[in-house]
Structures are given as structure tokens and as C-alpha cells.
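Visitor: So I've got this file, final-v9.cif, and it contains mmCIF, C-alpha atoms:
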```cif
data_target
loop_
_atom_site.group_PDB
_atom_site.id
_atom_site.type_symbol
_atom_site.label_atom_id
_atom_site.label_comp_id
_atom_site.auth_asym_id
_atom_site.auth_seq_id
_atom_site.Cartn_x
_atom_site.Cartn_y
_atom_site.Cartn_z
ATOM 1 C CA MET A 1 0.000 0.000 0.000
ATOM 2 C CA GLY A 2 1.309 3.438 -0.966
ATOM 3 C CA VAL A 3 1.903 6.342 1.365
ATOM 4 C CA ILE A 4 -1.153 8.332 0.211
ATOM 5 C CA ALA A 5 -3.448 5.311 0.504
ATOM 6 C CA ARG A 6 -2.125 4.535 4.001
ATOM 7 C CA LEU A 7 -2.582 8.177 5.010
ATOM 8 C CA LYS A 8 -6.193 8.159 3.796
ATOM 9 C CA GLU A 9 -6.774 4.927 5.689
ATOM 10 C CA ASP A 10 -5.453 6.444 8.915
ATOM 11 C CA ILE A 11 -7.577 9.565 8.500
ATOM 12 C CA GLY A 12 -10.638 7.410 7.841
ATOM 13 C CA SER A 13 -9.987 5.393 11.016
ATOM 14 C CA ILE A 14 -9.858 8.613 13.054
ATOM 15 C CA TYR A 15 -13.171 9.775 11.569
ATOM 16 C CA HIS A 16 -14.626 6.401 12.514
ATOM 17 C CA ARG A 17 -13.408 6.422 16.142
ATOM 18 C CA ASP A 18 -13.417 10.101 17.123
ATOM 19 C CA PRO A 19 -16.649 12.101 16.728
ATOM 20 C CA ALA A 20 -14.684 15.298 17.462
ATOM 21 C CA ALA A 21 -12.860 15.062 14.110
ATOM 22 C CA ARG A 22 -14.273 17.696 11.754
ATOM 23 C CA GLY A 23 -11.924 17.815 8.796
ATOM 24 C CA THR A 24 -8.849 16.318 7.149
ATOM 25 C CA LEU A 25 -6.699 19.410 7.693
ATOM 26 C CA GLU A 26 -7.665 19.492 11.368
ATOM 27 C CA ILE A 27 -6.621 15.848 11.737
ATOM 28 C CA LEU A 28 -3.299 16.386 10.007
ATOM 29 C CA LEU A 29 -2.376 19.429 12.101
ATOM 30 C CA ASN A 30 -4.012 18.819 15.474
ATOM 31 C CA TYR A 31 -3.907 15.082 16.156
ATOM 32 C CA PRO A 32 -0.544 14.361 17.841
ATOM 33 C CA GLY A 33 -1.312 10.649 17.963
ATOM 34 C CA MET A 34 -1.407 10.436 14.192
ATOM 35 C CA GLN A 35 1.705 12.598 13.853
ATOM 36 C CA ALA A 36 3.548 10.322 16.279
ATOM 37 C CA ILE A 37 2.516 7.220 14.320
ATOM 38 C CA TRP A 38 3.771 8.616 11.025
ATOM 39 C CA LEU A 39 7.058 9.780 12.523
ATOM 40 C CA HIS A 40 7.399 6.303 14.000
ATOM 41 C CA ARG A 41 6.893 4.682 10.620
ATOM 42 C CA ILE A 42 9.830 6.672 9.307
ATOM 43 C CA SER A 43 12.009 5.946 12.337
ATOM 44 C CA HIS A 44 11.054 2.259 12.170
ATOM 45 C CA LYS A 45 12.287 2.031 8.587
ATOM 46 C CA LEU A 46 15.541 3.661 9.662
ATOM 47 C CA TRP A 47 15.801 1.206 12.541
ATOM 48 C CA LYS A 48 15.262 -1.782 10.248
ATOM 49 C CA ALA A 49 17.925 -0.382 7.912
ATOM 50 C CA ASN A 50 20.336 -0.329 10.890
ATOM 51 C CA TRP A 51 20.373 3.483 11.096
ATOM 52 C CA CYS A 52 19.673 3.119 14.807
ATOM 53 C CA PHE A 53 21.135 6.417 16.036
ATOM 54 C CA LEU A 54 19.200 8.472 13.492
ATOM 55 C CA ALA A 55 16.052 6.471 14.258
ATOM 56 C CA ARG A 56 16.382 7.209 17.988
ATOM 57 C CA CYS A 57 16.956 10.895 17.296
ATOM 58 C CA LEU A 58 13.778 11.039 15.207
ATOM 59 C CA SER A 59 11.774 9.228 17.901
ATOM 60 C CA THR A 60 13.090 11.683 20.511
ATOM 61 C CA PHE A 61 12.011 14.583 18.317
ATOM 62 C CA SER A 62 8.601 12.944 17.958
ATOM 63 C CA ARG A 63 8.301 12.676 21.739
ATOM 64 C CA TRP A 64 9.167 16.360 22.103
ATOM 65 C CA LEU A 65 6.661 17.336 19.403
ATOM 66 C CA THR A 66 3.722 15.083 20.306
ATOM 67 C CA GLY A 67 4.171 13.850 23.881
ATOM 68 C CA VAL A 68 4.088 10.261 22.583
ATOM 69 C CA GLU A 69 7.153 8.052 22.950
ATOM 70 C CA ILE A 70 7.344 5.106 20.556
ATOM 71 C CA HIS A 71 10.588 3.175 20.316
ATOM 72 C CA PRO A 72 11.718 2.793 16.687
ATOM 73 C CA GLY A 73 11.890 -0.981 17.135
ATOM 74 C CA ALA A 74 8.180 -1.344 17.951
ATOM 75 C CA THR A 75 6.001 -2.980 15.297
ATOM 76 C CA ILE A 76 2.661 -1.301 14.582
ATOM 77 C CA GLY A 77 -0.149 -2.497 12.330
ATOM 78 C CA ARG A 78 -2.644 -0.612 10.187
ATOM 79 C CA ARG A 79 -5.244 1.928 11.336
ATOM 80 C CA PHE A 80 -3.630 2.367 14.732
ATOM 81 C CA PHE A 81 -5.184 5.275 16.670
ATOM 82 C CA ILE A 82 -3.716 7.086 19.684
ATOM 83 C CA ASP A 83 -6.369 9.439 21.063
ATOM 84 C CA HIS A 84 -5.098 12.618 22.780
ATOM 85 C CA GLY A 85 -1.662 11.028 22.878
ATOM 86 C CA MET A 86 0.046 12.727 25.816
ATOM 87 C CA GLY A 87 2.036 10.335 27.988
ATOM 88 C CA VAL A 88 1.786 7.235 25.797
ATOM 89 C CA VAL A 89 4.898 5.022 25.949
ATOM 90 C CA ILE A 90 5.457 2.029 23.648
ATOM 91 C CA GLY A 91 8.531 -0.127 24.197
ATOM 92 C CA GLU A 92 11.031 -1.537 21.747
ATOM 93 C CA THR A 93 9.712 -5.090 21.392
ATOM 94 C CA ALA A 94 6.012 -4.190 21.504
ATOM 95 C CA GLU A 95 3.877 -5.551 18.667
ATOM 96 C CA ILE A 96 0.524 -3.974 17.821
ATOM 97 C CA GLY A 97 -2.031 -5.451 15.427
ATOM 98 C CA ASP A 98 -4.560 -3.745 13.173
ATOM 99 C CA ASP A 99 -7.356 -1.368 14.295
ATOM 100 C CA CYS A 100 -6.034 -0.945 17.840
ATOM 101 C CA THR A 101 -6.805 2.113 19.989
ATOM 102 C CA LEU A 102 -4.753 3.585 22.835
ATOM 103 C CA TYR A 103 -5.790 6.529 24.990
ATOM 104 C CA HIS A 104 -3.573 9.031 26.799
ATOM 105 C CA GLY A 105 -1.241 7.812 29.509
ATOM 106 C CA VAL A 106 -1.033 4.217 28.286
ATOM 107 C CA THR A 107 2.226 2.317 28.764
ATOM 108 C CA LEU A 108 3.211 -0.809 26.871
ATOM 109 C CA GLY A 109 6.241 -1.502 29.026
ATOM 110 C CA GLY A 110 8.669 -4.178 30.107
ATOM 111 C CA THR A 111 9.330 -5.863 33.432
ATOM 112 C CA THR A 112 12.955 -6.931 32.959
ATOM 113 C CA TRP A 113 16.289 -5.500 31.910
ATOM 114 C CA GLN A 114 17.194 -8.669 30.016
ATOM 115 C CA ALA A 115 17.480 -8.471 26.224
ATOM 116 C CA GLY A 116 14.854 -10.126 24.070
ATOM 117 C CA LYS A 117 11.080 -9.965 23.914
ATOM 118 C CA ARG A 118 10.029 -7.951 26.991
ATOM 119 C CA HIS A 119 7.038 -5.848 25.867
ATOM 120 C CA PRO A 120 3.390 -6.743 25.145
ATOM 121 C CA THR A 121 1.848 -8.077 21.959
ATOM 122 C CA LEU A 122 -1.573 -6.721 20.988
ATOM 123 C CA GLY A 123 -3.895 -8.536 18.614
ATOM 124 C CA ASN A 124 -6.424 -6.831 16.356
ATOM 125 C CA ASN A 125 -9.130 -4.411 17.582
ATOM 126 C CA VAL A 126 -7.625 -4.067 21.061
ATOM 127 C CA VAL A 127 -8.686 -1.015 23.116
ATOM 128 C CA ILE A 128 -6.658 0.216 26.104
ATOM 129 C CA GLY A 129 -8.199 2.900 28.319
ATOM 130 C CA ALA A 130 -6.515 6.042 29.617
ATOM 131 C CA GLY A 131 -3.699 5.542 32.111
ATOM 132 C CA ALA A 132 -3.584 1.751 31.799
ATOM 133 C CA LYS A 133 -0.293 -0.125 32.034
ATOM 134 C CA VAL A 134 0.280 -3.336 30.090
ATOM 135 C CA LEU A 135 3.571 -4.822 31.228
ATOM 136 C CA GLY A 136 5.809 -7.675 30.172
ATOM 137 C CA PRO A 137 5.939 -10.064 27.187
ATOM 138 C CA ILE A 138 2.238 -10.881 27.450
ATOM 139 C CA THR A 139 -0.366 -11.203 24.707
ATOM 140 C CA MET A 140 -3.651 -9.350 24.491
ATOM 141 C CA HIS A 141 -5.681 -11.321 22.012
ATOM 142 C CA ASP A 142 -8.157 -9.958 19.477
ATOM 143 C CA ARG A 143 -10.833 -7.529 20.726
ATOM 144 C CA ALA A 144 -9.473 -7.446 24.273
ATOM 145 C CA ARG A 145 -10.181 -4.283 26.299
ATOM 146 C CA VAL A 146 -8.437 -2.741 29.278
ATOM 147 C CA GLY A 147 -10.175 -0.341 31.645
ATOM 148 C CA SER A 148 -8.676 3.019 32.554
ATOM 149 C CA ASN A 149 -5.784 2.955 35.070
ATOM 150 C CA SER A 150 -5.672 -0.841 35.127
ATOM 151 C CA VAL A 151 -2.404 -2.760 35.370
ATOM 152 C CA VAL A 152 -2.223 -5.896 33.209
ATOM 153 C CA VAL A 153 0.590 -8.418 33.724
ATOM 154 C CA LYS A 154 -1.015 -11.604 32.333
ATOM 155 C CA ASP A 155 -2.335 -12.704 28.946
ATOM 156 C CA VAL A 156 -5.849 -11.540 28.081
ATOM 157 C CA PRO A 157 -8.096 -13.895 26.053
ATOM 158 C CA LYS A 158 -10.220 -12.839 23.091
ATOM 159 C CA ASP A 159 -13.260 -10.625 23.682
ATOM 160 C CA THR A 160 -12.354 -10.077 27.329
ATOM 161 C CA THR A 161 -12.455 -6.840 29.306
ATOM 162 C CA VAL A 162 -9.852 -6.447 32.052
ATOM 163 C CA VAL A 163 -10.156 -3.987 34.939
ATOM 164 C CA GLY A 164 -8.367 -3.268 38.209
ATOM 165 C CA ILE A 165 -4.923 -3.599 39.767
ATOM 166 C CA PRO A 166 -3.825 -6.219 38.979
ATOM 167 C CA GLY A 167 -6.080 -6.636 35.959
ATOM 168 C CA ARG A 168 -8.972 -9.054 36.410
ATOM 169 C CA ALA A 169 -11.161 -10.364 33.632
ATOM 170 C CA VAL A 170 -14.832 -9.404 33.498
ATOM 171 C CA THR A 171 -16.646 -11.990 31.357
ATOM 172 C CA VAL A 172 -20.212 -12.312 30.121
ATOM 173 C CA ALA A 173 -22.115 -14.933 32.104
ATOM 174 C CA SER A 174 -22.894 -18.124 30.194
ATOM 175 C CA ALA A 175 -26.105 -20.112 30.535
ATOM 176 C CA GLN A 176 -24.409 -22.514 32.954
ATOM 177 C CA SER A 177 -22.995 -19.762 35.150
ATOM 178 C CA LYS A 178 -26.401 -18.039 35.180
ATOM 179 C CA GLU A 179 -27.977 -21.245 36.504
ATOM 180 C CA THR A 180 -25.315 -21.425 39.227
ATOM 181 C CA SER A 181 -25.977 -17.809 40.193
ATOM 182 C CA GLU A 182 -29.722 -18.424 40.486
ATOM 183 C CA ARG A 183 -29.156 -21.508 42.624
ATOM 184 C CA ARG A 184 -26.855 -19.553 44.959
ATOM 185 C CA SER A 185 -29.455 -16.796 45.303
ATOM 186 C CA ALA A 186 -32.140 -19.304 46.248
ATOM 187 C CA MET A 187 -29.859 -20.905 48.831
ATOM 188 C CA ALA A 188 -28.931 -17.572 50.379
ATOM 189 C CA LYS A 189 -32.585 -16.507 50.732
ATOM 190 C CA LYS A 190 -33.353 -19.839 52.343
ATOM 191 C CA TYR A 191 -30.863 -19.036 55.101
ATOM 192 C CA GLY A 192 -32.241 -15.569 55.695
ATOM 193 C CA PHE A 193 -29.983 -13.162 53.810
ATOM 194 C CA ASP A 194 -29.603 -11.731 50.332
ATOM 195 C CA ALA A 195 -27.081 -13.300 47.979
ATOM 196 C CA TYR A 196 -25.176 -10.120 47.284
ATOM 197 C CA ALA A 197 -22.565 -9.972 44.537
ATOM 198 C CA VAL A 198 -22.222 -13.723 44.128
ATOM 199 C CA SER A 199 -22.632 -13.815 40.371
ATOM 200 C CA PRO A 200 -19.895 -15.875 38.655
ATOM 201 C CA ASP A 201 -18.696 -12.905 36.576
ATOM 202 C CA ASN A 202 -17.988 -10.777 39.650
ATOM 203 C CA PRO A 203 -14.224 -10.421 40.285
ATOM 204 C CA ASP A 204 -14.682 -9.771 44.031
ATOM 205 C CA PRO A 205 -12.779 -12.578 45.858
ATOM 206 C CA VAL A 206 -15.012 -12.273 48.947
ATOM 207 C CA ALA A 207 -18.119 -12.718 46.808
ATOM 208 C CA ASN A 208 -16.554 -15.723 45.095
ATOM 209 C CA ALA A 209 -15.760 -17.302 48.472
ATOM 210 C CA ILE A 210 -19.345 -16.783 49.634
ATOM 211 C CA GLY A 211 -20.579 -18.311 46.383
ATOM 212 C CA GLN A 212 -18.463 -21.421 46.981
ATOM 213 C CA MET A 213 -19.823 -21.690 50.532
ATOM 214 C CA LEU A 214 -23.370 -21.508 49.184
ATOM 215 C CA ASP A 215 -22.581 -24.263 46.671
ATOM 216 C CA HIS A 216 -21.261 -26.418 49.522
ATOM 217 C CA MET A 217 -24.345 -25.736 51.638
ATOM 218 C CA HIS A 218 -26.593 -26.620 48.694
ATOM 219 C CA LEU A 219 -24.807 -29.950 48.259
ATOM 220 C CA MET A 220 -25.022 -30.772 51.975
ATOM 221 C CA ASP A 221 -28.721 -29.835 52.067
ATOM 222 C CA SER A 222 -29.403 -32.154 49.144
ATOM 223 C CA LYS A 223 -27.638 -35.061 50.828
ATOM 224 C CA VAL A 224 -29.407 -34.455 54.166
ATOM 225 C CA GLN A 225 -32.779 -34.385 52.385
ATOM 226 C CA GLU A 226 -32.028 -37.739 50.749
ATOM 227 C CA VAL A 227 -31.117 -39.237 54.133
ATOM 228 C CA CYS A 228 -34.295 -37.815 55.713
ATOM 229 C CA HIS A 229 -36.507 -39.285 52.987
ATOM 230 C CA ALA A 230 -34.841 -42.670 53.366
ATOM 231 C CA VAL A 231 -35.298 -42.650 57.162
ATOM 232 C CA GLN A 232 -38.948 -41.576 56.867
ATOM 233 C CA LYS A 233 -39.659 -44.420 54.436
ATOM 234 C CA MET A 234 -38.288 -46.799 57.060
ATOM 235 C CA GLY A 235 -40.784 -45.420 59.608
ATOM 236 C CA GLY A 236 -38.625 -42.847 61.343
ATOM 237 C CA SER A 237 -39.642 -39.283 62.164
ATOM 238 C CA VAL A 238 -36.843 -36.870 61.272
ATOM 239 C CA CYS A 239 -36.419 -33.540 59.520
ATOM 240 C CA THR A 240 -39.911 -32.382 60.455
ATOM 241 C CA GLU A 241 -38.942 -28.954 61.743
ATOM 242 C CA ARG A 242 -38.353 -25.981 59.474
ATOM 243 C CA LEU A 243 -34.917 -24.412 59.541
ATOM 244 C CA PRO A 244 -34.850 -21.091 61.460
ATOM 245 C CA GLU A 245 -34.024 -17.971 59.472
ATOM 246 C CA LEU A 246 -30.749 -16.266 60.282
ATOM 247 C CA ASP A 247 -30.951 -12.698 61.508
ATOM 248 C CA VAL A 248 -27.809 -10.972 60.257
ATOM 249 C CA GLY A 249 -29.166 -7.493 60.974
ATOM 250 C CA GLU A 250 -27.024 -4.511 60.111
ATOM 251 C CA PHE A 251 -24.345 -6.685 58.507
ATOM 252 C CA SER A 252 -26.775 -7.889 55.869
ATOM 253 C CA ASP A 253 -28.045 -4.374 55.144
ATOM 254 C CA ALA A 254 -24.540 -2.924 54.870
ATOM 255 C CA GLU A 255 -23.269 -5.674 52.610
ATOM 256 C CA THR A 256 -26.361 -5.528 50.424
ATOM 257 C CA ALA A 257 -25.908 -1.771 49.981
ATOM 258 C CA ALA A 258 -22.223 -2.288 49.157
ATOM 259 C CA ALA A 259 -23.127 -4.962 46.611
ATOM 260 C CA GLN A 260 -25.647 -2.687 44.921
ATOM 261 C CA LYS A 261 -23.042 0.078 44.730
ATOM 262 C CA ARG A 262 -20.484 -2.293 43.184
ATOM 263 C CA GLN A 263 -23.029 -3.512 40.652
ATOM 264 C CA GLN A 264 -23.944 0.073 39.732
ATOM 265 C CA SER A 265 -20.275 0.885 39.181
ATOM 266 C CA MET A 266 -19.891 -2.163 36.931
ATOM 267 C CA ASP A 267 -23.001 -1.217 34.931
ATOM 268 C CA GLU A 268 -21.685 2.304 34.395
ATOM 269 C CA PHE A 269 -18.174 1.165 33.459
ATOM 270 C CA ASP A 270 -16.907 2.118 30.014
ATOM 271 C CA PRO A 271 -13.375 0.848 29.184
ATOM 272 C CA ILE A 272 -12.922 3.618 26.605
ATOM 273 C CA ILE A 273 -13.170 6.434 29.159
#
```
Show me, as C-alpha cells, the structure contained in the file I just sent.
Guide:
Amino acid sequence: MGVIARLKEDIGSIYHRDPAARGTLEILLNYPGMQAIWLHRISHKLWKANWCFLARCLSTFSRWLTGVEIHPGATIGRRFFIDHGMGVVIGETAEIGDDCTLYHGVTLGGTTWQAGKRHPTLGNNVVIGAGAKVLGPITMHDRARVGSNSVVVKDVPKDTTVVGIPGRAVTVASAQSKETSERRSAMAKKYGFDAYAVSPDNPDPVANAIGQMLDHMHLMDSKVQEVCHAVQKMGGSVCTERLPELDVGEFSDAETAAAQKRQQSMDEFDPII
């Protein structure tokens, strides 16, 4: 693909992803992310031609001009978009696929001083929110997303959103996990409290632990019921009294309110912000 065609492609990708873009001249003059990418493409060619000193000088000039630091050795695919740009750092061995988007303050950094592959690899259509840090020779597979200010140090599967420090995956509940969540809710209500934040896609470790306890209680209840039925068939009289409800008082109310607040925050989350 020629230079003019690639330039048109980059401008078109900015129109597609930034509603603030109003004209081609405005994009060329006022989008430092695009300027940094094109200066990098020149410095990368110099780097590949073993003109390393000149390539580093050009990348330093680009950092001074745009606020974006891209090492000349980094490999970048087509239609790459850096929005706002300021504070973005991309390391030497980073590899970025097609149609990726980075927001301001993103770092694709390393975790070792040893030579070799030490920076992340991004697949296609990856979006990394403002201030996020993706560190080490990890792979973010196609259509992965990283929430703002998250720190990612492990591989991210396809179509997965990662949030938090360290980054934790937030996945869409499957039919099986939905059934598990409903069963846990029923068990919790049976024992007199609300099953707060125990859905399988919730990254809260406390909620996950409570969910496992509810699963264990459900299994024990099932086994006790089977024993009771067997004893009653043999003429015994057991399991005739109803289980008392637990009164957890203020603890239940406080935890329920906290769960609702966490759920509201998750519903309002947008990894592009």
C-alpha cells in the first residue's frame, strides 16, 4: 500500500473512532497521535535499515513534538489510533495489530532488563483505556479491552475486558454460570440473607468465596434431604422442623448496599473512558 493510501486509511480510522474530528486538515495538524505514528513509521524504517542512532533521534524529536514516545523498534499495524496522545509510551519489542486504539497515559512496558522480547503483543481491535499499564511479554488477544488505570501483567483472552490492579477479567455470564448464580441466590434466601454480589462474573474474591460456601451448603442440604426421605420411608420421624431464618441485621443491610453500589459501578463502566 502506498503512502497516500495509508494516510487516507489512517484519517478514515480517526473519523470512525473520534466524533470530534471535523476535517482532514484538522486531523493532520491537530492530532498528535497520528503525527507520532507517522514519525514512527519513518524511524522504524531507519531502525530496520540499521540506522539506529538516526532512528532514535527522530523518535526523541517525535516525543518532544507530540508527547508520545514510541521506540523505533516497535512494530505497529494498520489503522492504529492514539487518542489525545500525551504520555503514551510504547517499548522496543512491543507488537501492535490492526485497528487498535490507545488513549492518553497508556504504557506498553517491560518488566525486565534482560534483552529479548520484553514488551506486550496486541492482537487486532484491542482497546486500552486512559492511564492503563500493560507490562511484560504478554499477549492481548483480538478484541481485548483494558479499563482506565488498570495494570495488566497476564495474557488476556479474546473478547475479554480487564479492569483493576492487577487486571482481572470481566466476562459475560454463560447459561451454565447463570444457573449457578440463580441456585446460589435461592440458597442464600433460604438461610435468611440476600445473595449479594455472588454472580460468577464478579471479580470480588469475597463474593466468590461466599458463592463457593453456598454451593457447599446446597450440596449438603441435598444429601441431608435424601437421608431424611430414606429414614422416613423406614418409619422414622426426622427432619420435620423448618430451619430457622438467620438474623444478620445490620451486617446484611450494609453488605447488600455495598453490593448494589459495586453492581452500579460495573453497569456504568466504560473501558474507553
Visitor: Compare A:Arg17, A:His40, A:His84, A:Arg168 by their minimum atom-to-atom distance to Gly131 of chain A, counting only C-alpha atoms, and give me the closest one.
Guide: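 Under the stated criterion, the closest residue is A:His84.
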Visitor: Excluding same-chain residues fewer than 5 positions from Gly91 of chain A, what lies within 9 Å of it counting only C-alpha atoms, as a JSON list (two decimals) with C-alpha atoms, in the frame of the given file?
Guide:
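Final output, saved to out.json:
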```json
[["chain", "number", "residue", "atom", "x", "y", "z"],
["A", 69, "GLU", "CA", 7.15, 8.05, 22.95],
["A", 70, "ILE", "CA", 7.34, 5.11, 20.56],
["A", 71, "HIS", "CA", 10.59, 3.18, 20.32],
["A", 72, "PRO", "CA", 11.72, 2.79, 16.69],
["A", 73, "GLY", "CA", 11.89, -0.98, 17.14],
["A", 74, "ALA", "CA", 8.18, -1.34, 17.95],
["A", 107, "THR", "CA", 2.23, 2.32, 28.76],
["A", 108, "LEU", "CA", 3.21, -0.81, 26.87],
["A", 109, "GLY", "CA", 6.24, -1.50, 29.03],
["A", 110, "GLY", "CA", 8.67, -4.18, 30.11],
["A", 118, "ARG", "CA", 10.03, -7.95, 26.99],
["A", 119, "HIS", "CA", 7.04, -5.85, 25.87],
["A", 120, "PRO", "CA", 3.39, -6.74, 25.14]]
```
Visitor: If the PyMOL selection byres ((chain A and resi 36) around 9) is run on the structure shown, which residues does it catch, given as a PyMOL selection string?
Guide: chain A and resi 31-35+37-41+59+62-63+65-70+82+85
Visitor: I would like the residues chosen by the PyMOL selection byres ((chain A and resi 165) around 7) on the shown file; could you give them as a PyMOL selection string?
Guide: chain A and resi 150-151+164+166-167
Visitor: With C-alpha atoms retained, write the just-selected residues as a PDB file, keeping the file's coordinate frame.
Guide:
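The resulting file, selection06.pdb, is shown below:
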```pdb
ATOM      1  CA  SER A 150      -5.672  -0.841  35.127  1.00  0.00           C
ATOM      2  CA  VAL A 151      -2.404  -2.760  35.370  1.00  0.00           C
ATOM      3  CA  GLY A 164      -8.367  -3.268  38.209  1.00  0.00           C
ATOM      4  CA  PRO A 166      -3.825  -6.219  38.979  1.00  0.00           C
ATOM      5  CA  GLY A 167      -6.080  -6.636  35.959  1.00  0.00           C
TER       6      GLY A 167
END
```
Visitor: Between atom CA of Pro137 of chain A and atom CA of Leu122 of chain A, measure the distance and give it in Å to one decimal.
Guide: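 Result for atom CA of Pro137 of chain A versus atom CA of Leu122 of chain A: 10.3 Å, one decimal.
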Visitor: Find the distance between atom CA of Ser222 of chain A and atom CA of Met234 of chain A and write it in Å to one decimal.
Guide: 18.9 Å
Visitor: Work out how far atom CA of Thr93 of chain A is from atom CA of Ala55 of chain A, in Å to one decimal.
Guide: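 These two atoms are separated by 15.0 Å.
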Visitor: Care to translate the PyMOL selection byres ((chain A and resi 102) around 7) into actual residues of this file, as a count of residues only?
Guide: 11
Visitor: How would segment 222-233 of chain A look with N, CA and C atoms restored, written as an mmCIF file, in the frame of the given file?
Guide:
```
data_model
loop_
_atom_site.group_PDB
_atom_site.id
_atom_site.type_symbol
_atom_site.label_atom_id
_atom_site.label_comp_id
_atom_site.auth_asym_id
_atom_site.auth_seq_id
_atom_site.Cartn_x
_atom_site.Cartn_y
_atom_site.Cartn_z
ATOM 1 N N SER A 222 -28.860 -31.110 50.020
ATOM 2 C CA SER A 222 -29.403 -32.154 49.144
ATOM 3 C C SER A 222 -29.165 -33.538 49.736
ATOM 4 N N LYS A 223 -27.960 -33.750 50.254
ATOM 5 C CA LYS A 223 -27.638 -35.061 50.828
ATOM 6 C C LYS A 223 -28.455 -35.324 52.100
ATOM 7 N N VAL A 224 -28.618 -34.291 52.946
ATOM 8 C CA VAL A 224 -29.407 -34.455 54.166
ATOM 9 C C VAL A 224 -30.862 -34.767 53.831
ATOM 10 N N GLN A 225 -31.397 -34.114 52.796
ATOM 11 C CA GLN A 225 -32.779 -34.385 52.385
ATOM 12 C C GLN A 225 -32.943 -35.835 51.926
ATOM 13 N N GLU A 226 -31.960 -36.346 51.199
ATOM 14 C CA GLU A 226 -32.028 -37.739 50.749
ATOM 15 C C GLU A 226 -32.021 -38.690 51.939
ATOM 16 N N VAL A 227 -31.173 -38.390 52.932
ATOM 17 C CA VAL A 227 -31.117 -39.237 54.133
ATOM 18 C C VAL A 227 -32.450 -39.184 54.891
ATOM 19 N N CYS A 228 -33.015 -37.971 55.013
ATOM 20 C CA CYS A 228 -34.295 -37.815 55.713
ATOM 21 C C CYS A 228 -35.404 -38.622 55.035
ATOM 22 N N HIS A 229 -35.482 -38.537 53.720
ATOM 23 C CA HIS A 229 -36.507 -39.285 52.987
ATOM 24 C C HIS A 229 -36.335 -40.787 53.199
ATOM 25 N N ALA A 230 -35.088 -41.240 53.177
ATOM 26 C CA ALA A 230 -34.841 -42.670 53.366
ATOM 27 C C ALA A 230 -35.254 -43.122 54.764
ATOM 28 N N VAL A 231 -34.938 -42.291 55.783
ATOM 29 C CA VAL A 231 -35.298 -42.650 57.162
ATOM 30 C C VAL A 231 -36.816 -42.640 57.341
ATOM 31 N N GLN A 232 -37.488 -41.655 56.744
ATOM 32 C CA GLN A 232 -38.948 -41.576 56.867
ATOM 33 C C GLN A 232 -39.630 -42.764 56.197
ATOM 34 N N LYS A 233 -39.093 -43.242 55.085
ATOM 35 C CA LYS A 233 -39.659 -44.420 54.436
ATOM 36 C C LYS A 233 -39.534 -45.663 55.311
#
```
